[in-house]
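Next comes final-v6.csv, a file with CSV, C-alpha atoms.
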chain,number,residue,atom,x,y,z
A,276,MET,CA,-28.8,-52.6,-28.2
A,277,MET,CA,-29.1,-49.4,-30.2
A,278,ARG,CA,-30.4,-47.6,-27.1
A,279,ALA,CA,-27.4,-48.7,-25.1
A,280,SER,CA,-25.1,-47.5,-27.8
A,281,ILE,CA,-26.7,-44.1,-27.8
A,282,LEU,CA,-26.5,-43.8,-24.1
A,283,LEU,CA,-22.8,-44.7,-24.1
A,284,LEU,CA,-21.9,-42.3,-26.9
A,285,PRO,CA,-21.8,-39.1,-24.7
A,286,LEU,CA,-19.7,-40.9,-22.1
A,287,VAL,CA,-17.2,-41.9,-24.7
A,288,LEU,CA,-17.1,-38.4,-26.2
A,289,GLY,CA,-16.8,-36.8,-22.8
A,290,GLY,CA,-13.6,-38.7,-22.2
A,291,CYS,CA,-12.0,-37.4,-25.3
A,292,ILE,CA,-13.3,-33.9,-26.0
A,293,SER,CA,-13.6,-30.9,-23.6
A,294,LEU,CA,-15.9,-28.1,-24.8
A,295,LEU,CA,-14.7,-25.8,-22.0
A,296,PRO,CA,-11.4,-23.8,-22.2
A,297,GLU,CA,-8.6,-24.7,-19.8
A,298,PRO,CA,-8.7,-22.3,-16.7
A,299,PRO,CA,-5.9,-19.7,-16.6
A,300,PRO,CA,-3.2,-20.3,-14.1
A,301,PRO,CA,-3.9,-18.6,-10.7
A,302,PRO,CA,-2.3,-15.2,-10.1
A,303,ARG,CA,0.9,-14.9,-8.1
A,304,VAL,CA,0.2,-13.3,-4.8
A,305,PHE,CA,2.7,-11.0,-3.0
A,306,VAL,CA,2.5,-9.5,0.5
A,307,LEU,CA,2.8,-5.8,1.2
A,308,GLU,CA,3.9,-5.4,4.8
A,309,SER,CA,6.3,-3.5,7.0
A,310,ALA,CA,9.9,-4.4,7.7
A,311,GLU,CA,12.4,-3.5,10.4
A,312,VAL,CA,13.1,0.2,10.8
A,313,ALA,CA,15.5,2.2,12.9
A,314,THR,CA,14.2,3.5,16.2
A,315,LEU,CA,13.7,7.3,16.2
A,316,PRO,CA,15.5,9.3,19.0
A,317,ARG,CA,12.7,11.7,19.7
A,318,ARG,CA,9.8,10.7,21.9
A,319,VAL,CA,6.3,12.2,21.9
A,320,ASP,CA,4.1,11.3,24.9
A,321,ALA,CA,1.0,10.9,22.7
A,322,THR,CA,-1.0,8.5,20.6
A,323,ILE,CA,-1.0,8.8,16.8
A,324,ALA,CA,-3.7,7.4,14.6
A,325,VAL,CA,-3.4,6.4,11.0
A,326,ALA,CA,-6.3,7.0,8.6
A,327,LEU,CA,-7.1,4.8,5.7
A,328,PRO,CA,-5.3,6.4,2.7
A,329,THR,CA,-7.2,7.7,-0.3
A,330,GLY,CA,-6.1,7.5,-3.9
A,331,GLU,CA,-7.1,6.4,-7.4
A,332,ARG,CA,-8.9,3.1,-7.4
A,333,THR,CA,-6.4,1.7,-9.9
A,334,ILE,CA,-3.5,2.0,-7.5
A,335,MET,CA,-5.4,1.3,-4.3
A,336,GLY,CA,-6.8,-2.2,-5.2
A,337,THR,CA,-5.1,-5.6,-5.3
A,338,ASP,CA,-3.4,-5.2,-8.7
A,339,LEU,CA,0.2,-4.2,-9.3
A,340,ILE,CA,0.4,-1.2,-11.7
A,341,TRP,CA,3.0,-0.6,-14.5
A,342,ARG,CA,3.0,2.9,-16.0
A,343,THR,CA,4.3,3.8,-19.4
A,344,GLY,CA,3.9,7.6,-20.0
A,345,ASP,CA,0.3,8.4,-19.2
A,346,GLU,CA,-0.9,4.8,-19.7
A,347,LEU,CA,-1.5,2.5,-16.7
A,348,ALA,CA,-1.5,-1.3,-17.1
A,349,TYR,CA,-2.0,-4.2,-14.7
A,350,VAL,CA,0.9,-6.6,-14.2
A,351,ALA,CA,-0.5,-9.8,-15.6
A,352,ARG,CA,-1.5,-12.6,-13.2
A,353,THR,CA,-0.1,-10.8,-10.2
A,354,GLN,CA,-1.8,-9.4,-7.1
A,355,TRP,CA,-1.3,-8.1,-3.6
A,356,SER,CA,-2.6,-10.4,-0.8
A,357,ALA,CA,-4.8,-7.5,0.3
A,358,ARG,CA,-6.1,-4.2,-1.2
A,359,ALA,CA,-3.3,-1.7,-1.3
A,360,GLU,CA,-5.2,0.9,0.8
A,361,PHE,CA,-5.5,-1.6,3.7
A,362,ALA,CA,-2.0,-2.9,3.3
A,363,LEU,CA,-0.5,0.5,3.2
A,364,GLN,CA,-2.4,1.6,6.3
A,365,ASN,CA,-1.1,-1.5,8.2
A,366,MET,CA,2.4,-0.9,6.9
A,367,LEU,CA,2.4,2.7,8.2
A,368,LEU,CA,0.8,1.7,11.5
A,369,HIS,CA,3.4,-1.0,12.2
A,370,THR,CA,6.2,1.3,11.0
A,371,LEU,CA,5.2,4.0,13.5
A,372,ALA,CA,5.0,1.4,16.3
A,373,ARG,CA,8.5,0.1,15.5
A,374,GLN,CA,10.0,3.6,15.2
A,375,GLY,CA,8.9,4.2,18.8
A,376,ALA,CA,8.6,8.0,18.5
A,377,PHE,CA,5.0,7.9,19.9
A,378,SER,CA,3.7,6.2,23.0
A,379,ALA,CA,1.2,4.3,20.8
A,380,ALA,CA,-0.1,4.0,17.2
A,381,THR,CA,-3.6,3.0,16.3
A,382,ARG,CA,-6.0,3.0,13.4
A,383,ALA,CA,-8.2,6.1,13.1
A,384,GLY,CA,-11.4,5.6,14.9
A,385,GLU,CA,-10.3,2.8,17.2
A,386,SER,CA,-9.4,4.9,20.2
A,387,ARG,CA,-8.6,8.5,21.2
A,388,ALA,CA,-5.5,9.9,19.7
A,389,GLU,CA,-3.8,13.3,20.1
A,390,TYR,CA,-2.4,13.2,16.5
A,391,GLU,CA,-3.6,11.6,13.2
A,392,VAL,CA,-1.9,11.0,9.9
A,393,ARG,CA,-4.2,11.7,6.9
A,394,TRP,CA,-2.8,10.9,3.5
A,395,ASP,CA,-3.6,10.7,-0.2
A,396,VAL,CA,-1.5,8.2,-2.2
A,397,LEU,CA,-0.5,10.0,-5.4
A,398,ASP,CA,1.7,7.3,-7.0
A,399,PHE,CA,2.2,3.6,-6.3
A,400,GLU,CA,3.4,2.0,-9.5
A,401,VAL,CA,6.4,0.9,-11.6
A,402,ARG,CA,7.4,3.5,-14.1
A,403,GLU,CA,8.7,2.4,-17.4
A,404,ASP,CA,10.9,5.5,-17.9
A,405,GLY,CA,13.8,5.0,-15.6
A,406,MET,CA,12.6,1.5,-14.4
A,407,GLN,CA,11.7,2.7,-10.9
A,408,ALA,CA,9.0,1.7,-8.5
A,409,ARG,CA,7.6,5.0,-7.1
A,410,PHE,CA,5.6,5.8,-4.0
A,411,ALA,CA,4.3,9.3,-3.3
A,412,ALA,CA,1.8,10.5,-0.8
A,413,ASP,CA,0.4,13.9,0.2
A,414,VAL,CA,0.6,13.6,4.1
A,415,ARG,CA,-1.1,15.8,6.6
A,416,VAL,CA,-0.6,15.6,10.4
A,417,VAL,CA,-3.6,16.7,12.3
A,418,ALA,CA,-3.7,17.6,16.0
A,419,SER,CA,-6.5,17.3,18.6
A,420,PRO,CA,-8.4,19.1,19.8
A,421,GLY,CA,-9.7,21.1,16.9
A,422,ARG,CA,-8.5,18.6,14.2
A,423,ARG,CA,-6.1,21.3,13.0
A,424,ILE,CA,-3.5,20.5,10.3
A,425,ILE,CA,-0.1,21.2,11.9
A,426,ALA,CA,2.1,20.0,9.1
A,427,GLN,CA,1.8,18.9,5.4
A,428,ARG,CA,4.3,17.4,3.1
A,429,VAL,CA,4.5,15.3,-0.1
A,430,ILE,CA,6.6,12.2,0.8
A,431,THR,CA,8.3,10.3,-2.0
A,432,ALA,CA,10.4,7.1,-2.2
A,433,GLU,CA,11.7,5.1,-5.1
A,434,ALA,CA,13.3,1.7,-5.7
A,435,PRO,CA,15.1,0.4,-8.9
A,436,VAL,CA,13.4,-2.3,-11.0
A,437,SER,CA,16.1,-4.5,-12.6
A,438,ASP,CA,13.9,-6.3,-15.1
A,439,ARG,CA,10.3,-6.9,-16.1
A,440,SER,CA,9.5,-9.9,-14.0
A,441,ALA,CA,6.5,-9.8,-11.7
A,442,SER,CA,8.4,-10.7,-8.6
A,443,VAL,CA,11.0,-8.0,-9.2
A,444,ALA,CA,8.3,-5.4,-9.7
A,445,ALA,CA,6.5,-6.5,-6.5
A,446,GLN,CA,9.6,-6.4,-4.4
A,447,ALA,CA,10.6,-3.0,-5.7
A,448,LEU,CA,7.1,-1.6,-5.0
A,449,ALA,CA,7.2,-3.0,-1.5
A,450,ARG,CA,10.6,-1.5,-0.8
A,451,ALA,CA,9.4,1.9,-2.1
A,452,ALA,CA,6.3,1.7,0.1
A,453,ARG,CA,8.4,0.7,3.2
A,454,GLU,CA,10.9,3.6,2.7
A,455,GLY,CA,7.9,6.0,2.2
A,456,SER,CA,6.3,4.7,5.4
A,457,ALA,CA,9.5,5.3,7.3
A,458,ARG,CA,9.8,8.8,6.0
A,459,ILE,CA,6.2,9.5,6.9
A,460,GLY,CA,6.8,8.3,10.4
A,461,GLU,CA,9.8,10.6,10.7
A,462,PHE,CA,7.8,13.5,9.4
A,463,ALA,CA,4.9,12.8,11.8
A,464,ALA,CA,7.3,12.6,14.8
A,465,GLU,CA,9.0,15.8,13.8
A,466,ALA,CA,5.7,17.6,13.4
A,467,ALA,CA,4.3,16.4,16.7
A,468,ALA,CA,7.4,17.2,18.6
A,469,SER,CA,7.4,20.7,17.2
A,470,HIS,CA,3.8,21.1,18.1
A,471,GLU,CA,4.4,19.9,21.6
A,472,ALA,CA,7.3,22.3,22.1
A,473,SER,CA,5.2,25.3,20.8
A,474,ALA,CA,2.3,24.3,23.1
A,475,ALA,CA,4.7,24.1,26.1
A,476,GLU,CA,6.0,27.6,25.3
A,477,GLU,CA,2.5,29.1,25.1
A,478,ASN,CA,1.6,27.6,28.5

Take the structure in the file and give it back as structure tokens.
Amino acid sequence: MMRASILLLPLVLGGCISLLPEPPPPPRVFVLESAEVATLPRRVDATIAVALPTGERTIMGTDLIWRTGDELAYVARTQWSARAEFALQNMLLHTLARQGAFSAATRAGESRAEYEVRWDVLDFEVREDGMQARFAADVRVVASPGRRIIAQRVITAEAPVSDRSASVAAQALARAAREGSARIGEFAAEAAASHEASAAEEN
């Protein structure tokens, strides 16, 4: 009888007491993808490739970043559905395809391309001062053959952040990135068209 009581004791206790902490709630996940953009009037009969962007690991991962002065902090329990470097590459690729200035757009290394966008993401965060989501990238357009840089520009875009909620921050960052992608597409098309015109004059 005593042995049965001892065996039942852990079962009784197990139903009343948990020695493990409750798991934290899962993070909220937001997508970072392209949106509809205006078709560009110019047309370059060439393929453009988009390289994977480089940047600081804190802003190129899955976390959303909030900046206060020189301090960077992660937005709690909030993530992108993919690493920012891959999501931003896909966003620019699809933006170029929708703008229609080039005959085709592809990822760098997938197929032969006459032009390539290489870029370093400098900023991709919500800034406390001014409550703005900011996107900035150092963009270079490279032409083949020779892999020569034909144009370079720092492209920036911002979107207001109305309050401190995670969803508002994510939406503002996505808007800033989309506007930045559209401006990069316009810049790349302008650079390629100018390069094509110069090559035609030389020939």

Exercise. Mind giving me the straight-line distance from atom CA of Val436 of chain A to atom CA of Glu346 of chain A in Å, one decimal?
Key: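 Going from atom CA of Val436 of chain A over to atom CA of Glu346 of chain A covers 18.2 Å.
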
Quiz item: Which residue out of A:Val304, A:Leu368, A:Val414, A:Ala426 has the minimum interatomic distance to Arg393 of chain A when only C-alpha atoms are used?
Solution: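 For Arg393 of chain A, the nearest of the candidates is A:Val414.
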
Quiz item: Closest to Pro301 of chain A among A:Arg317, A:Arg352, A:Arg415, A:Arg332, using all atoms listed in the file?
Solution: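 Using all atoms listed in the file, Pro301 of chain A sits closest to A:Arg352.
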
Self-check item: Pairwise distance for atom CA of Ala357 of chain A and atom CA of Ser309 of chain A, rounded to one decimal in Å
Solution: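 Pair atom CA of Ala357 of chain A / atom CA of Ser309 of chain A returns 13.6 Å.
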
Quiz item: To one decimal place, how far is atom CA of Phe377 of chain A from atom CA of Gln446 of chain A in Å?
Solution: 28.6 Å

Would you compute the box with edges along x, y and z of the file around segment 331-337 of chain A, including every atom the file lists for it and 5 Å extra on each side, and give its centre and edge lengths in Å to one decimal, as lines of an AutoDock Vina configuration file?
center_x = -6.2
center_y = 0.4
center_z = -7.1
size_x = 15.4
size_y = 22.0
size_z = 15.6

Quiz item: Smallest atom-to-atom distance to Glu433 of chain A: which of A:Leu367, A:Ala411, A:Ala388, A:Ile334, using only C-alpha atoms?
Solution: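 Using only C-alpha atoms, the shortest distance to Glu433 of chain A belongs to A:Ala411.
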
Self-check item: Residue nearest Ala310 of chain A - candidates A:Thr370, A:Ser440, A:Ser386, A:Gln407, atoms counted: only C-alpha atoms
Solution: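 For Ala310 of chain A, the nearest of the given residues is A:Thr370.
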
Self-check item: Nearest to Gln427 of chain A, chosen from A:Leu397, A:Ala466, A:Ala452, A:Val312, with all atoms listed in the file counted in the distances
Solution: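 When distances to Gln427 of chain A are compared using all atoms listed in the file, the smallest one comes from A:Ala466.
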
Residues of segment 373-463 of chain A that have any atom at most 12 Å from an atom of segment 363-366 of chain A: could you tabulate them with the shortest-distance atom pair and the distance in Å to one decimal, using all atoms listed in the file, ordered by chain and increasing number, as CSV?
residue,atom,partner,partner_atom,distance
A:Arg373,CA,A:Met366,CA,10.6
A:Ala380,CA,A:Asn365,CA,10.6
A:Thr381,CA,A:Asn365,CA,9.6
A:Arg382,CA,A:Gln364,CA,8.1
A:Ala383,CA,A:Gln364,CA,10.0
A:Val392,CA,A:Gln364,CA,10.1
A:Arg393,CA,A:Gln364,CA,10.3
A:Trp394,CA,A:Gln364,CA,9.7
A:Asp395,CA,A:Leu363,CA,11.2
A:Val396,CA,A:Leu363,CA,9.5
A:Phe399,CA,A:Leu363,CA,10.4
A:Phe410,CA,A:Leu363,CA,10.8
A:Ala411,CA,A:Leu363,CA,11.9
A:Ala412,CA,A:Leu363,CA,11.0
A:Leu448,CA,A:Leu363,CA,11.4
A:Ala449,CA,A:Leu363,CA,9.7
A:Arg450,CA,A:Met366,CA,11.3
A:Ala451,CA,A:Leu363,CA,11.3
A:Ala452,CA,A:Leu363,CA,7.6
A:Arg453,CA,A:Met366,CA,7.2
A:Glu454,CA,A:Met366,CA,10.5
A:Gly455,CA,A:Met366,CA,10.0
A:Ser456,CA,A:Met366,CA,7.0
A:Ala457,CA,A:Met366,CA,9.4
A:Ile459,CA,A:Met366,CA,11.1
A:Gly460,CA,A:Met366,CA,10.8

With C-alpha atoms retained, export the selected residues as a CSV table (one decimal), keeping the file's coordinate frame.
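Output (result.csv):
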chain,number,residue,atom,x,y,z
A,373,ARG,CA,8.5,0.1,15.5
A,380,ALA,CA,-0.1,4.0,17.2
A,381,THR,CA,-3.6,3.0,16.3
A,382,ARG,CA,-6.0,3.0,13.4
A,383,ALA,CA,-8.2,6.1,13.1
A,392,VAL,CA,-1.9,11.0,9.9
A,393,ARG,CA,-4.2,11.7,6.9
A,394,TRP,CA,-2.8,10.9,3.5
A,395,ASP,CA,-3.6,10.7,-0.2
A,396,VAL,CA,-1.5,8.2,-2.2
A,399,PHE,CA,2.2,3.6,-6.3
A,410,PHE,CA,5.6,5.8,-4.0
A,411,ALA,CA,4.3,9.3,-3.3
A,412,ALA,CA,1.8,10.5,-0.8
A,448,LEU,CA,7.1,-1.6,-5.0
A,449,ALA,CA,7.2,-3.0,-1.5
A,450,ARG,CA,10.6,-1.5,-0.8
A,451,ALA,CA,9.4,1.9,-2.1
A,452,ALA,CA,6.3,1.7,0.1
A,453,ARG,CA,8.4,0.7,3.2
A,454,GLU,CA,10.9,3.6,2.7
A,455,GLY,CA,7.9,6.0,2.2
A,456,SER,CA,6.3,4.7,5.4
A,457,ALA,CA,9.5,5.3,7.3
A,459,ILE,CA,6.2,9.5,6.9
A,460,GLY,CA,6.8,8.3,10.4

Quiz item: In terms of the shortest atom-to-atom distance over only C-alpha atoms, which of A:Glu389, A:Glu400, A:Glu360, A:Glu331 is closest to His470 of chain A?
Solution: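 Checking each of A:Glu389, A:Glu400, A:Glu360, A:Glu331 against His470 of chain A, counting only C-alpha atoms, the winner is A:Glu389.
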
Quiz item: Which residues come within 8 Å of Ala376 of chain A, counting all atoms listed in the file, excluding same-chain residues fewer than 2 positions away, as a PyMOL selection string?
Solution: chain A and resi 314-319+371-372+374+378+464

Deliver the residues from the most recent selection as a file, using C-alpha atoms, as a PDB file, keeping the file's coordinate frame.
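again_34.pdb, freshly written:
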ATOM      1  CA  THR A 314      14.200   3.500  16.200  1.00  0.00           C
ATOM      2  CA  LEU A 315      13.700   7.300  16.200  1.00  0.00           C
ATOM      3  CA  PRO A 316      15.500   9.300  19.000  1.00  0.00           C
ATOM      4  CA  ARG A 317      12.700  11.700  19.700  1.00  0.00           C
ATOM      5  CA  ARG A 318       9.800  10.700  21.900  1.00  0.00           C
ATOM      6  CA  VAL A 319       6.300  12.200  21.900  1.00  0.00           C
ATOM      7  CA  LEU A 371       5.200   4.000  13.500  1.00  0.00           C
ATOM      8  CA  ALA A 372       5.000   1.400  16.300  1.00  0.00           C
ATOM      9  CA  GLN A 374      10.000   3.600  15.200  1.00  0.00           C
ATOM     10  CA  SER A 378       3.700   6.200  23.000  1.00  0.00           C
ATOM     11  CA  ALA A 464       7.300  12.600  14.800  1.00  0.00           C
TER      12      ALA A 464
END
